[in-house]
Each structure stands twice: as C-alpha cells, then as structure tokens.
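Everything below belongs to model.csv, which stores CSV, N, CA and C atoms.
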chain,number,residue,atom,x,y,z
A,124,MET,N,0.8,-1.2,0.0
A,124,MET,CA,0.0,0.0,0.0
A,124,MET,C,0.9,1.3,0.0
A,125,LYS,N,2.0,1.2,0.7
A,125,LYS,CA,2.9,2.4,0.8
A,125,LYS,C,3.5,2.7,-0.6
A,126,ALA,N,3.8,1.6,-1.3
A,126,ALA,CA,4.3,1.8,-2.7
A,126,ALA,C,3.3,2.4,-3.6
A,127,LEU,N,2.1,2.0,-3.5
A,127,LEU,CA,1.0,2.6,-4.3
A,127,LEU,C,0.8,4.1,-4.0
A,128,LYS,N,0.9,4.4,-2.7
A,128,LYS,CA,0.7,5.8,-2.3
A,128,LYS,C,1.9,6.6,-2.8
A,129,LYS,N,3.1,6.1,-2.8
A,129,LYS,CA,4.3,6.8,-3.3
A,129,LYS,C,4.2,7.0,-4.8
A,130,LEU,N,3.6,6.0,-5.5
A,130,LEU,CA,3.4,6.1,-7.0
A,130,LEU,C,2.4,7.2,-7.3
A,131,VAL,N,1.3,7.2,-6.6
A,131,VAL,CA,0.3,8.2,-6.8
A,131,VAL,C,0.9,9.6,-6.5
A,132,ARG,N,1.6,9.7,-5.4
A,132,ARG,CA,2.2,11.0,-5.1
A,132,ARG,C,3.2,11.5,-6.2
A,133,LEU,N,4.0,10.5,-6.7
A,133,LEU,CA,4.9,10.9,-7.8
A,133,LEU,C,4.1,11.3,-9.0
A,134,ALA,N,3.1,10.6,-9.4
A,134,ALA,CA,2.3,11.0,-10.6
A,134,ALA,C,1.7,12.3,-10.3
A,135,ASN,N,1.2,12.6,-9.1
A,135,ASN,CA,0.6,13.9,-8.8
A,135,ASN,C,1.6,15.0,-8.9
A,136,SER,N,2.8,14.8,-8.7
A,136,SER,CA,3.8,15.8,-8.8
A,136,SER,C,4.2,16.1,-10.2
A,137,LEU,N,3.9,15.2,-11.1
A,137,LEU,CA,4.3,15.3,-12.5
A,137,LEU,C,3.2,15.8,-13.4
A,138,ILE,N,1.9,15.4,-13.1
A,138,ILE,CA,0.8,15.8,-14.0
A,138,ILE,C,0.4,17.2,-13.8
A,139,PRO,N,0.3,18.0,-14.9
A,139,PRO,CA,-0.1,19.4,-14.8
A,139,PRO,C,-1.5,19.5,-14.2
A,140,LYS,N,-1.7,20.6,-13.5
A,140,LYS,CA,-2.9,20.9,-12.8
A,140,LYS,C,-3.7,21.9,-13.6
A,141,THR,N,-5.1,21.8,-13.5
A,141,THR,CA,-6.0,22.7,-14.2
A,141,THR,C,-6.5,23.7,-13.2
A,142,ASP,N,-6.2,25.0,-13.5
A,142,ASP,CA,-6.5,26.1,-12.6
A,142,ASP,C,-8.0,26.2,-12.2
A,143,ASN,N,-8.9,26.0,-13.1
A,143,ASN,CA,-10.3,26.2,-12.8
A,143,ASN,C,-11.0,24.9,-12.4
A,144,PHE,N,-10.3,23.9,-12.1
A,144,PHE,CA,-10.8,22.6,-11.7
A,144,PHE,C,-10.7,22.4,-10.2
A,145,LEU,N,-11.9,22.3,-9.5
A,145,LEU,CA,-12.0,22.1,-8.1
A,145,LEU,C,-12.7,20.7,-7.8
A,146,LEU,N,-12.0,20.0,-6.9
A,146,LEU,CA,-12.5,18.7,-6.5
A,146,LEU,C,-13.0,18.7,-5.1
A,147,PHE,N,-14.2,18.2,-4.9
A,147,PHE,CA,-14.9,18.2,-3.5
A,147,PHE,C,-15.0,16.8,-3.0
A,148,ILE,N,-14.7,16.7,-1.7
A,148,ILE,CA,-14.8,15.4,-1.0
A,148,ILE,C,-15.3,15.7,0.4
A,149,SER,N,-16.4,15.0,0.8
A,149,SER,CA,-16.9,15.2,2.1
A,149,SER,C,-17.4,13.9,2.7
A,150,ASN,N,-17.5,13.9,4.0
A,150,ASN,CA,-18.0,12.7,4.8
A,150,ASN,C,-19.1,13.2,5.7
A,151,PRO,N,-20.3,12.8,5.5
A,151,PRO,CA,-20.8,11.9,4.4
A,151,PRO,C,-20.8,12.6,3.1
A,152,ASP,N,-21.0,11.8,2.0
A,152,ASP,CA,-20.9,12.3,0.6
A,152,ASP,C,-21.9,13.5,0.4
A,153,TYR,N,-21.4,14.5,-0.4
A,153,TYR,CA,-22.1,15.6,-0.8
A,153,TYR,C,-22.9,16.3,0.4
A,154,SER,N,-22.1,16.8,1.4
A,154,SER,CA,-22.7,17.3,2.6
A,154,SER,C,-21.8,18.4,3.2
A,155,ASP,N,-22.3,19.0,4.3
A,155,ASP,CA,-21.6,19.9,5.1
A,155,ASP,C,-21.1,21.1,4.4
A,156,ASN,N,-20.0,21.7,4.9
A,156,ASN,CA,-19.4,22.9,4.4
A,156,ASN,C,-19.0,22.8,2.9
A,157,PRO,N,-18.4,21.6,2.5
A,157,PRO,CA,-18.0,21.5,1.1
A,157,PRO,C,-19.3,21.6,0.2
A,158,LYS,N,-20.4,21.1,0.6
A,158,LYS,CA,-21.6,21.2,-0.2
A,158,LYS,C,-22.1,22.6,-0.3
A,159,ALA,N,-22.0,23.3,0.8
A,159,ALA,CA,-22.5,24.7,0.8
A,159,ALA,C,-21.5,25.6,-0.2
A,160,LEU,N,-20.2,25.3,-0.1
A,160,LEU,CA,-19.3,26.1,-1.0
A,160,LEU,C,-19.5,25.7,-2.4
A,161,TYR,N,-19.7,24.4,-2.7
A,161,TYR,CA,-20.0,23.9,-4.0
A,161,TYR,C,-21.2,24.6,-4.6
A,162,LYS,N,-22.3,24.7,-3.9
A,162,LYS,CA,-23.5,25.3,-4.4
A,162,LYS,C,-23.3,26.8,-4.6
A,163,TYR,N,-22.6,27.5,-3.7
A,163,TYR,CA,-22.3,28.9,-3.9
A,163,TYR,C,-21.5,29.1,-5.2
A,164,MET,N,-20.4,28.3,-5.4
A,164,MET,CA,-19.5,28.4,-6.5
A,164,MET,C,-20.2,28.1,-7.8
A,165,LYS,N,-21.1,27.1,-7.8
A,165,LYS,CA,-21.8,26.7,-9.0
A,165,LYS,C,-22.7,27.8,-9.5
A,166,GLU,N,-23.3,28.4,-8.5
A,166,GLU,CA,-24.3,29.5,-8.8
A,166,GLU,C,-23.5,30.8,-9.2
A,167,ASN,N,-22.4,31.1,-8.6
A,167,ASN,CA,-21.8,32.4,-8.8
A,167,ASN,C,-20.5,32.4,-9.6
A,168,HIS,N,-20.0,31.2,-9.9
A,168,HIS,CA,-18.8,31.1,-10.7
A,168,HIS,C,-18.9,29.9,-11.7
A,169,PRO,N,-19.7,30.2,-12.8
A,169,PRO,CA,-20.0,29.1,-13.8
A,169,PRO,C,-18.7,28.7,-14.6
A,170,GLU,N,-17.7,29.6,-14.5
A,170,GLU,CA,-16.5,29.3,-15.3
A,170,GLU,C,-15.6,28.2,-14.6
A,171,LEU,N,-16.0,27.8,-13.4
A,171,LEU,CA,-15.2,26.8,-12.7
A,171,LEU,C,-15.8,25.4,-13.0
A,172,ASP,N,-14.9,24.4,-13.1
A,172,ASP,CA,-15.2,23.0,-13.3
A,172,ASP,C,-15.2,22.3,-11.9
A,173,LEU,N,-16.4,22.1,-11.4
A,173,LEU,CA,-16.6,21.5,-10.0
A,173,LEU,C,-17.0,20.1,-10.1
A,174,ARG,N,-16.3,19.2,-9.3
A,174,ARG,CA,-16.7,17.8,-9.3
A,174,ARG,C,-16.5,17.2,-7.9
A,175,TRP,N,-17.1,16.1,-7.7
A,175,TRP,CA,-17.1,15.4,-6.4
A,175,TRP,C,-16.5,14.0,-6.5
A,176,ILE,N,-15.9,13.6,-5.5
A,176,ILE,CA,-15.5,12.2,-5.3
A,176,ILE,C,-16.4,11.6,-4.2
A,177,VAL,N,-17.1,10.5,-4.4
A,177,VAL,CA,-18.0,9.9,-3.5
A,177,VAL,C,-17.6,8.5,-3.2
A,178,LYS,N,-18.2,7.9,-2.2
A,178,LYS,CA,-17.8,6.6,-1.7
A,178,LYS,C,-18.3,5.4,-2.4
A,179,THR,N,-19.4,5.4,-3.2
A,179,THR,CA,-19.9,4.3,-3.9
A,179,THR,C,-20.3,4.6,-5.3
A,180,LYS,N,-20.3,3.5,-6.1
A,180,LYS,CA,-20.8,3.7,-7.5
A,180,LYS,C,-22.2,4.2,-7.5
A,181,ALA,N,-23.0,3.7,-6.6
A,181,ALA,CA,-24.4,4.1,-6.6
A,181,ALA,C,-24.6,5.5,-6.2
A,182,MET,N,-23.7,6.1,-5.3
A,182,MET,CA,-23.8,7.5,-5.0
A,182,MET,C,-23.3,8.3,-6.2
A,183,ALA,N,-22.3,7.9,-6.9
A,183,ALA,CA,-21.9,8.6,-8.1
A,183,ALA,C,-23.0,8.6,-9.2
A,184,ASP,N,-23.7,7.5,-9.4
A,184,ASP,CA,-24.8,7.5,-10.3
A,184,ASP,C,-25.9,8.4,-9.9
A,185,TYR,N,-26.3,8.4,-8.6
A,185,TYR,CA,-27.3,9.3,-8.0
A,185,TYR,C,-26.9,10.8,-8.3
A,186,HIS,N,-25.7,11.1,-8.0
A,186,HIS,CA,-25.3,12.5,-8.2
A,186,HIS,C,-25.3,12.9,-9.7
A,187,HIS,N,-25.0,12.0,-10.6
A,187,HIS,CA,-25.1,12.4,-12.0
A,187,HIS,C,-26.6,12.6,-12.3
A,188,GLN,N,-27.5,11.9,-11.7
A,188,GLN,CA,-28.9,12.1,-12.0
A,188,GLN,C,-29.4,13.4,-11.5
A,189,ILE,N,-28.8,14.0,-10.5
A,189,ILE,CA,-29.3,15.3,-9.9
A,189,ILE,C,-28.4,16.4,-10.5
A,190,GLY,N,-27.5,16.1,-11.5
A,190,GLY,CA,-26.7,17.1,-12.1
A,190,GLY,C,-25.4,17.5,-11.4
A,191,VAL,N,-24.9,16.6,-10.6
A,191,VAL,CA,-23.7,16.9,-9.9
A,191,VAL,C,-22.6,15.9,-10.4
A,192,PRO,N,-21.6,16.4,-11.1
A,192,PRO,CA,-20.6,15.5,-11.6
A,192,PRO,C,-19.8,14.8,-10.4
A,193,ALA,N,-19.9,13.5,-10.4
A,193,ALA,CA,-19.3,12.7,-9.3
A,193,ALA,C,-18.6,11.4,-9.8
A,194,ALA,N,-17.6,11.0,-9.1
A,194,ALA,CA,-16.9,9.7,-9.5
A,194,ALA,C,-16.8,8.9,-8.2
A,195,PHE,N,-16.9,7.6,-8.4
A,195,PHE,CA,-16.6,6.6,-7.3
A,195,PHE,C,-15.2,6.8,-6.9
A,196,GLY,N,-14.9,6.9,-5.6
A,196,GLY,CA,-13.6,7.2,-5.0
A,196,GLY,C,-12.5,6.2,-5.4
A,197,ALA,N,-12.9,4.9,-5.7
A,197,ALA,CA,-11.9,3.9,-6.0
A,197,ALA,C,-11.7,3.7,-7.5
A,198,SER,N,-12.3,4.6,-8.3
A,198,SER,CA,-12.3,4.5,-9.8
A,198,SER,C,-11.1,5.2,-10.4
A,199,SER,N,-10.8,4.8,-11.6
A,199,SER,CA,-9.7,5.5,-12.3
A,199,SER,C,-10.1,6.9,-12.6
A,200,LYS,N,-11.4,7.2,-12.8
A,200,LYS,CA,-11.9,8.5,-13.1
A,200,LYS,C,-11.6,9.4,-11.9
A,201,ALA,N,-11.9,8.9,-10.7
A,201,ALA,CA,-11.6,9.7,-9.4
A,201,ALA,C,-10.1,10.0,-9.3
A,202,LEU,N,-9.3,9.0,-9.6
A,202,LEU,CA,-7.8,9.2,-9.5
A,202,LEU,C,-7.4,10.2,-10.5
A,203,LEU,N,-7.9,10.2,-11.7
A,203,LEU,CA,-7.5,11.2,-12.7
A,203,LEU,C,-7.9,12.6,-12.3
A,204,TRP,N,-9.1,12.7,-11.7
A,204,TRP,CA,-9.6,14.0,-11.2
A,204,TRP,C,-8.7,14.5,-10.1
A,205,LEU,N,-8.3,13.6,-9.2
A,205,LEU,CA,-7.4,14.0,-8.1
A,205,LEU,C,-6.1,14.5,-8.6
A,206,LEU,N,-5.6,13.8,-9.6
A,206,LEU,CA,-4.3,14.2,-10.1
A,206,LEU,C,-4.3,15.5,-10.9
A,207,LYS,N,-5.5,15.8,-11.5
A,207,LYS,CA,-5.7,17.0,-12.4
A,207,LYS,C,-6.1,18.3,-11.6
A,208,ALA,N,-6.7,18.1,-10.4
A,208,ALA,CA,-7.3,19.2,-9.7
A,208,ALA,C,-6.3,20.2,-9.1
A,209,ARG,N,-6.4,21.5,-9.4
A,209,ARG,CA,-5.6,22.4,-8.7
A,209,ARG,C,-6.0,22.6,-7.3
A,210,THR,N,-7.3,22.6,-7.0
A,210,THR,CA,-7.9,22.8,-5.7
A,210,THR,C,-8.7,21.6,-5.2
A,211,ILE,N,-8.4,21.1,-4.0
A,211,ILE,CA,-9.2,20.1,-3.4
A,211,ILE,C,-9.9,20.6,-2.1
A,212,VAL,N,-11.2,20.5,-2.1
A,212,VAL,CA,-12.0,21.0,-1.0
A,212,VAL,C,-12.5,19.8,-0.2
A,213,THR,N,-12.3,19.7,1.1
A,213,THR,CA,-12.7,18.5,1.8
A,213,THR,C,-13.3,18.9,3.2
A,214,SER,N,-13.9,18.0,3.9
A,214,SER,CA,-14.3,18.2,5.3
A,214,SER,C,-13.6,17.4,6.3
A,215,HIS,N,-12.7,16.4,5.8
A,215,HIS,CA,-12.1,15.5,6.8
A,215,HIS,C,-10.6,15.1,6.4
A,216,CYS,N,-9.9,16.0,5.8
A,216,CYS,CA,-8.5,15.7,5.4
A,216,CYS,C,-8.4,14.6,4.4
A,217,SER,N,-9.4,14.3,3.6
A,217,SER,CA,-9.3,13.2,2.6
A,217,SER,C,-8.3,13.4,1.6
A,218,ARG,N,-7.5,12.4,1.3
A,218,ARG,CA,-6.5,12.4,0.2
A,218,ARG,C,-5.3,13.3,0.5
A,219,ILE,N,-5.1,13.8,1.7
A,219,ILE,CA,-4.1,14.7,1.9
A,219,ILE,C,-2.7,14.1,1.8
A,220,GLY,N,-2.6,12.8,2.0
A,220,GLY,CA,-1.3,12.1,1.9
A,220,GLY,C,-0.7,12.0,0.5
A,221,VAL,N,-1.5,12.3,-0.5
A,221,VAL,CA,-1.0,12.2,-1.9
A,221,VAL,C,-1.1,13.5,-2.6
A,222,ARG,N,-1.4,14.6,-1.9
A,222,ARG,CA,-1.4,15.9,-2.6
A,222,ARG,C,-0.1,16.4,-3.0
A,223,SER,N,-0.1,17.2,-4.0
A,223,SER,CA,1.1,17.8,-4.6
A,223,SER,C,1.3,19.2,-4.0
A,224,SER,N,2.5,19.6,-4.0
A,224,SER,CA,2.8,21.0,-3.6
A,224,SER,C,2.2,22.0,-4.6
A,225,ARG,N,1.8,21.6,-5.7
A,225,ARG,CA,1.2,22.5,-6.7
A,225,ARG,C,-0.4,22.5,-6.6
A,226,GLN,N,-0.9,21.8,-5.6
A,226,GLN,CA,-2.3,21.8,-5.3
A,226,GLN,C,-2.6,22.6,-4.1
A,227,ILE,N,-3.8,23.2,-4.1
A,227,ILE,CA,-4.3,24.0,-3.0
A,227,ILE,C,-5.3,23.0,-2.3
A,228,TYR,N,-5.1,22.9,-1.0
A,228,TYR,CA,-5.9,21.9,-0.2
A,228,TYR,C,-6.7,22.7,0.8
A,229,VAL,N,-8.0,22.7,0.7
A,229,VAL,CA,-8.9,23.5,1.6
A,229,VAL,C,-9.7,22.5,2.4
A,230,ASN,N,-9.4,22.5,3.7
A,230,ASN,CA,-10.2,21.7,4.7
A,230,ASN,C,-11.2,22.6,5.4
A,231,LEU,N,-12.5,22.4,5.1
A,231,LEU,CA,-13.5,23.2,5.6
A,231,LEU,C,-14.0,22.6,7.0
A,232,TRP,N,-13.5,21.6,7.4
A,232,TRP,CA,-13.8,21.0,8.7
A,232,TRP,C,-15.3,20.6,8.8
A,233,HIS,N,-15.5,19.4,9.2
A,233,HIS,CA,-16.8,18.9,9.5
A,233,HIS,C,-17.3,19.5,10.8
A,234,GLY,N,-16.5,19.8,11.8
A,234,GLY,CA,-16.8,20.3,13.0
A,234,GLY,C,-15.6,20.7,13.8
A,235,VAL,N,-15.8,21.3,14.9
A,235,VAL,CA,-14.6,21.7,15.8
A,235,VAL,C,-14.8,20.9,17.1
A,236,ALA,N,-13.7,20.3,17.6
A,236,ALA,CA,-13.8,19.5,18.7
A,236,ALA,C,-13.7,20.3,20.0
A,237,LEU,N,-14.7,21.1,20.2
A,237,LEU,CA,-14.6,22.0,21.4
A,237,LEU,C,-14.7,21.2,22.7
A,238,LYS,N,-15.5,20.1,22.7
A,238,LYS,CA,-15.6,19.3,23.9
A,238,LYS,C,-14.3,18.7,24.3
A,239,ALA,N,-13.6,18.1,23.2
A,239,ALA,CA,-12.3,17.5,23.5
A,239,ALA,C,-11.3,18.5,23.9
A,240,ILE,N,-11.3,19.7,23.3
A,240,ILE,CA,-10.4,20.8,23.7
A,240,ILE,C,-10.7,21.1,25.2
A,241,GLY,N,-11.9,21.2,25.6
A,241,GLY,CA,-12.3,21.4,27.0
A,241,GLY,C,-11.7,20.4,27.9
A,242,TYR,N,-11.7,19.2,27.5
A,242,TYR,CA,-11.1,18.1,28.4
A,242,TYR,C,-9.6,18.3,28.5
A,243,MET,N,-9.0,18.9,27.6
A,243,MET,CA,-7.5,19.2,27.7
A,243,MET,C,-7.2,20.2,28.7
A,244,ASP,N,-8.1,21.1,29.0
A,244,ASP,CA,-7.9,22.2,29.9
A,244,ASP,C,-8.2,21.6,31.3
A,245,LYS,N,-7.2,21.7,32.2
A,245,LYS,CA,-7.3,21.1,33.6
A,245,LYS,C,-8.5,21.7,34.4
A,246,ASP,N,-8.7,23.0,34.3
A,246,ASP,CA,-9.8,23.6,35.0
A,246,ASP,C,-11.1,23.2,34.5
A,247,THR,N,-11.3,23.2,33.2
A,247,THR,CA,-12.6,22.8,32.6
A,247,THR,C,-12.9,21.4,32.7
A,248,ALA,N,-11.9,20.5,32.7
A,248,ALA,CA,-12.1,19.1,32.8
A,248,ALA,C,-12.8,18.7,34.1
A,249,ARG,N,-12.6,19.4,35.1
A,249,ARG,CA,-13.3,19.1,36.4
A,249,ARG,C,-14.8,19.4,36.3
A,250,THR,N,-15.2,20.4,35.5
A,250,THR,CA,-16.6,20.7,35.4
A,250,THR,C,-17.3,19.9,34.3
A,251,LEU,N,-16.6,19.4,33.3
A,251,LEU,CA,-17.2,18.6,32.3
A,251,LEU,C,-17.3,17.1,32.7
A,252,GLY,N,-16.4,16.6,33.6
A,252,GLY,CA,-16.4,15.2,34.0
A,252,GLY,C,-17.5,14.9,34.9
With the file now loaded, output its structure as structure tokens.
Amino acid sequence: MKALKKLVRLANSLIPKTDNFLLFISNPDYSDNPKALYKYMKENHPELDLRWIVKTKAMADYHHQIGVPAAFGASSKALLWLLKARTIVTSHCSRIGVRSSRQIYVNLWHGVALKAIGYMDKDTARTLG
C-alpha cells in the first residue's frame, strides 16, 4: 500500500494541474461545508469546473442524476480528477497524503472538537467530567 501511495504522489507531482478545476470530497458524501461552498460556486462562478468524489458507484450514479458530476472514489476517473485538480476541498482531510505542492488543499472541517479541547484544559475538565 505504501508503494502505491508513493506512486500516486509521484504521478501527482508530474501531472499538470488545471486552474479552474475544483474537486470536492466530504464525509458523508455531498454534505456539510463543502456542499455549501459547491452550491455557492456553482451559482456564482460558472467558469469553474466543479466535481465530487463519493464513496460508492451508486452514489456517483445518483449525483449524476441530480446534475452533480461525481466519481466513485476507487475508480480510475476519481484518480484522474485527483491528479488533475488544482484545488481540493474537503471536510475531513481526505486524500491529503497524496497531494502535490502544486495543489491547494482546503479543509472546511466537519466540526470543531470543542468538547475535546475542553477536556484538555485542567480547570474545565473538572466541570465537564
């Protein structure tokens, strides 16, 4: 698996990126902050090529039916999109291990771990526990 990751990372460093191509990945599929940004950009920036990577073939088919370009995450199409995208927008650090220094990686975060941060503070931990 490490060899495959290194091969993808090498390919990603060599393949030219397309400036107006944005790739979205969220967990769950097509949701959260990436979905909100996608909808905004689709409406206000029609010059951009916006696409999604989703977890199953069925989800990719469904998204095509509702007019959202999507590819199954384990497909060659998704890999090609990942290698071609200048910008990757995600909610959970997806695919960060193979990104290129020529790509912009935007993590919109699914949520903020405020409760966990509170447990790290000694004074707050007593009131939360």
Protein/DNA/RNA residues near (-16.3, 5.9, -7.3), cut 6 Å, all atoms listed in the file, as a PyMOL selection string: chain A and resi 177-180+194-198
Which polymer residues have any atom within 12 Å of an atom of region 157-171 of chain A, counting only C-alpha atoms, with same-chain residues fewer than 4 positions away left out, as an MDAnalysis selection string? chainID A and resid 141:153 175:176 190:192 208:216 229:233
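The residues of region 131-224 of chain A that DSSP assigns to strand (DSSP E) on this backbone come out as Thr141, Asp142, Asn143, Phe144, Leu145, Leu146, Phe147, Ile148, Asp172, Leu173, Arg174, Trp175, Ile176, Val177, Ala193, Ala194, Phe195, Ala208, Arg209, Thr210, Ile211, Val212 and Thr213 of chain A.
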How many Å lie between CA of His187 (chain A) and CA of Lys200 (chain A), rounded to one decimal?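 CA of His187 (chain A) sits 13.8 Å away from CA of Lys200 (chain A).
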What gap, in Å, lies between atom N of Leu130 (chain A) and CA of Ala201 (chain A)?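 Computed distance, atom N of Leu130 (chain A) to CA of Ala201 (chain A), equals 16.1 Å.
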Would you please give, as a PyMOL selection string, all residues of region 138-245 of chain A that DSSP assigns to helix (DSSP H, G or I) based on the backbone? chain A and resi 155-167+180-188+199-207+219-221+237-243+245
d(CA of Leu127 (chain A), atom C of His186 (chain A)) in Å: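 Pair CA of Leu127 (chain A) / atom C of His186 (chain A) returns 28.8 Å.
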Which one is closest to Leu173 (chain A): A:Leu133, A:Ile138, A:Ala193, A:Ala126? Count only N, CA and C atoms.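 The shortest atom-to-atom distance to Leu173 (chain A) comes from A:Ala193.
Between Ser199 (chain A) and the residues A:Tyr228, A:Ser136, A:Val131, A:Val221, the shortest atom-to-atom distance, using only C-alpha atoms, involves A:Val131.
Each of A:Asn156, A:Lys207, A:Gln188, A:Met124 was checked against Lys140 (chain A) using only N, CA and C atoms; the smallest atom-to-atom distance is that of A:Lys207.
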Would it be fine to have region 170-190 of chain A, with N, CA and C atoms, given as an mmCIF file, in the first residue's frame?
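Result file follows (decode-v1.cif):
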data_model
loop_
_atom_site.group_PDB
_atom_site.id
_atom_site.type_symbol
_atom_site.label_atom_id
_atom_site.label_comp_id
_atom_site.auth_asym_id
_atom_site.auth_seq_id
_atom_site.Cartn_x
_atom_site.Cartn_y
_atom_site.Cartn_z
ATOM 1 N N GLU A 170 -17.692 29.567 -14.536
ATOM 2 C CA GLU A 170 -16.463 29.289 -15.278
ATOM 3 C C GLU A 170 -15.643 28.167 -14.631
ATOM 4 N N LEU A 171 -15.980 27.802 -13.398
ATOM 5 C CA LEU A 171 -15.233 26.764 -12.688
ATOM 6 C C LEU A 171 -15.783 25.373 -13.004
ATOM 7 N N ASP A 172 -14.877 24.414 -13.061
ATOM 8 C CA ASP A 172 -15.224 23.008 -13.261
ATOM 9 C C ASP A 172 -15.236 22.350 -11.886
ATOM 10 N N LEU A 173 -16.433 22.057 -11.377
ATOM 11 C CA LEU A 173 -16.611 21.546 -10.020
ATOM 12 C C LEU A 173 -17.047 20.086 -10.058
ATOM 13 N N ARG A 174 -16.342 19.221 -9.333
ATOM 14 C CA ARG A 174 -16.662 17.788 -9.334
ATOM 15 C C ARG A 174 -16.499 17.209 -7.937
ATOM 16 N N TRP A 175 -17.137 16.051 -7.733
ATOM 17 C CA TRP A 175 -17.135 15.374 -6.431
ATOM 18 C C TRP A 175 -16.548 13.973 -6.530
ATOM 19 N N ILE A 176 -15.876 13.560 -5.465
ATOM 20 C CA ILE A 176 -15.522 12.150 -5.278
ATOM 21 C C ILE A 176 -16.429 11.635 -4.167
ATOM 22 N N VAL A 177 -17.115 10.507 -4.439
ATOM 23 C CA VAL A 177 -18.043 9.910 -3.473
ATOM 24 C C VAL A 177 -17.638 8.465 -3.189
ATOM 25 N N LYS A 178 -18.249 7.884 -2.168
ATOM 26 C CA LYS A 178 -17.792 6.586 -1.651
ATOM 27 C C LYS A 178 -18.250 5.350 -2.422
ATOM 28 N N THR A 179 -19.364 5.437 -3.158
ATOM 29 C CA THR A 179 -19.871 4.252 -3.850
ATOM 30 C C THR A 179 -20.267 4.585 -5.288
ATOM 31 N N LYS A 180 -20.332 3.548 -6.117
ATOM 32 C CA LYS A 180 -20.789 3.732 -7.503
ATOM 33 C C LYS A 180 -22.233 4.200 -7.523
ATOM 34 N N ALA A 181 -23.038 3.665 -6.619
ATOM 35 C CA ALA A 181 -24.444 4.058 -6.552
ATOM 36 C C ALA A 181 -24.579 5.549 -6.242
ATOM 37 N N MET A 182 -23.744 6.061 -5.344
ATOM 38 C CA MET A 182 -23.778 7.494 -5.022
ATOM 39 C C MET A 182 -23.329 8.328 -6.225
ATOM 40 N N ALA A 183 -22.342 7.852 -6.947
ATOM 41 C CA ALA A 183 -21.888 8.570 -8.150
ATOM 42 C C ALA A 183 -23.016 8.629 -9.174
ATOM 43 N N ASP A 184 -23.711 7.509 -9.378
ATOM 44 C CA ASP A 184 -24.843 7.476 -10.317
ATOM 45 C C ASP A 184 -25.949 8.428 -9.873
ATOM 46 N N TYR A 185 -26.260 8.417 -8.587
ATOM 47 C CA TYR A 185 -27.291 9.303 -8.049
ATOM 48 C C TYR A 185 -26.925 10.767 -8.288
ATOM 49 N N HIS A 186 -25.686 11.128 -8.013
ATOM 50 C CA HIS A 186 -25.261 12.514 -8.189
ATOM 51 C C HIS A 186 -25.330 12.941 -9.650
ATOM 52 N N HIS A 187 -24.997 12.035 -10.557
ATOM 53 C CA HIS A 187 -25.143 12.353 -11.979
ATOM 54 C C HIS A 187 -26.601 12.646 -12.314
ATOM 55 N N GLN A 188 -27.511 11.863 -11.738
ATOM 56 C CA GLN A 188 -28.942 12.063 -11.993
ATOM 57 C C GLN A 188 -29.429 13.430 -11.515
ATOM 58 N N ILE A 189 -28.840 13.964 -10.451
ATOM 59 C CA ILE A 189 -29.278 15.268 -9.947
ATOM 60 C C ILE A 189 -28.394 16.406 -10.478
ATOM 61 N N GLY A 190 -27.534 16.086 -11.451
ATOM 62 C CA GLY A 190 -26.735 17.118 -12.113
ATOM 63 C C GLY A 190 -25.435 17.498 -11.431
#
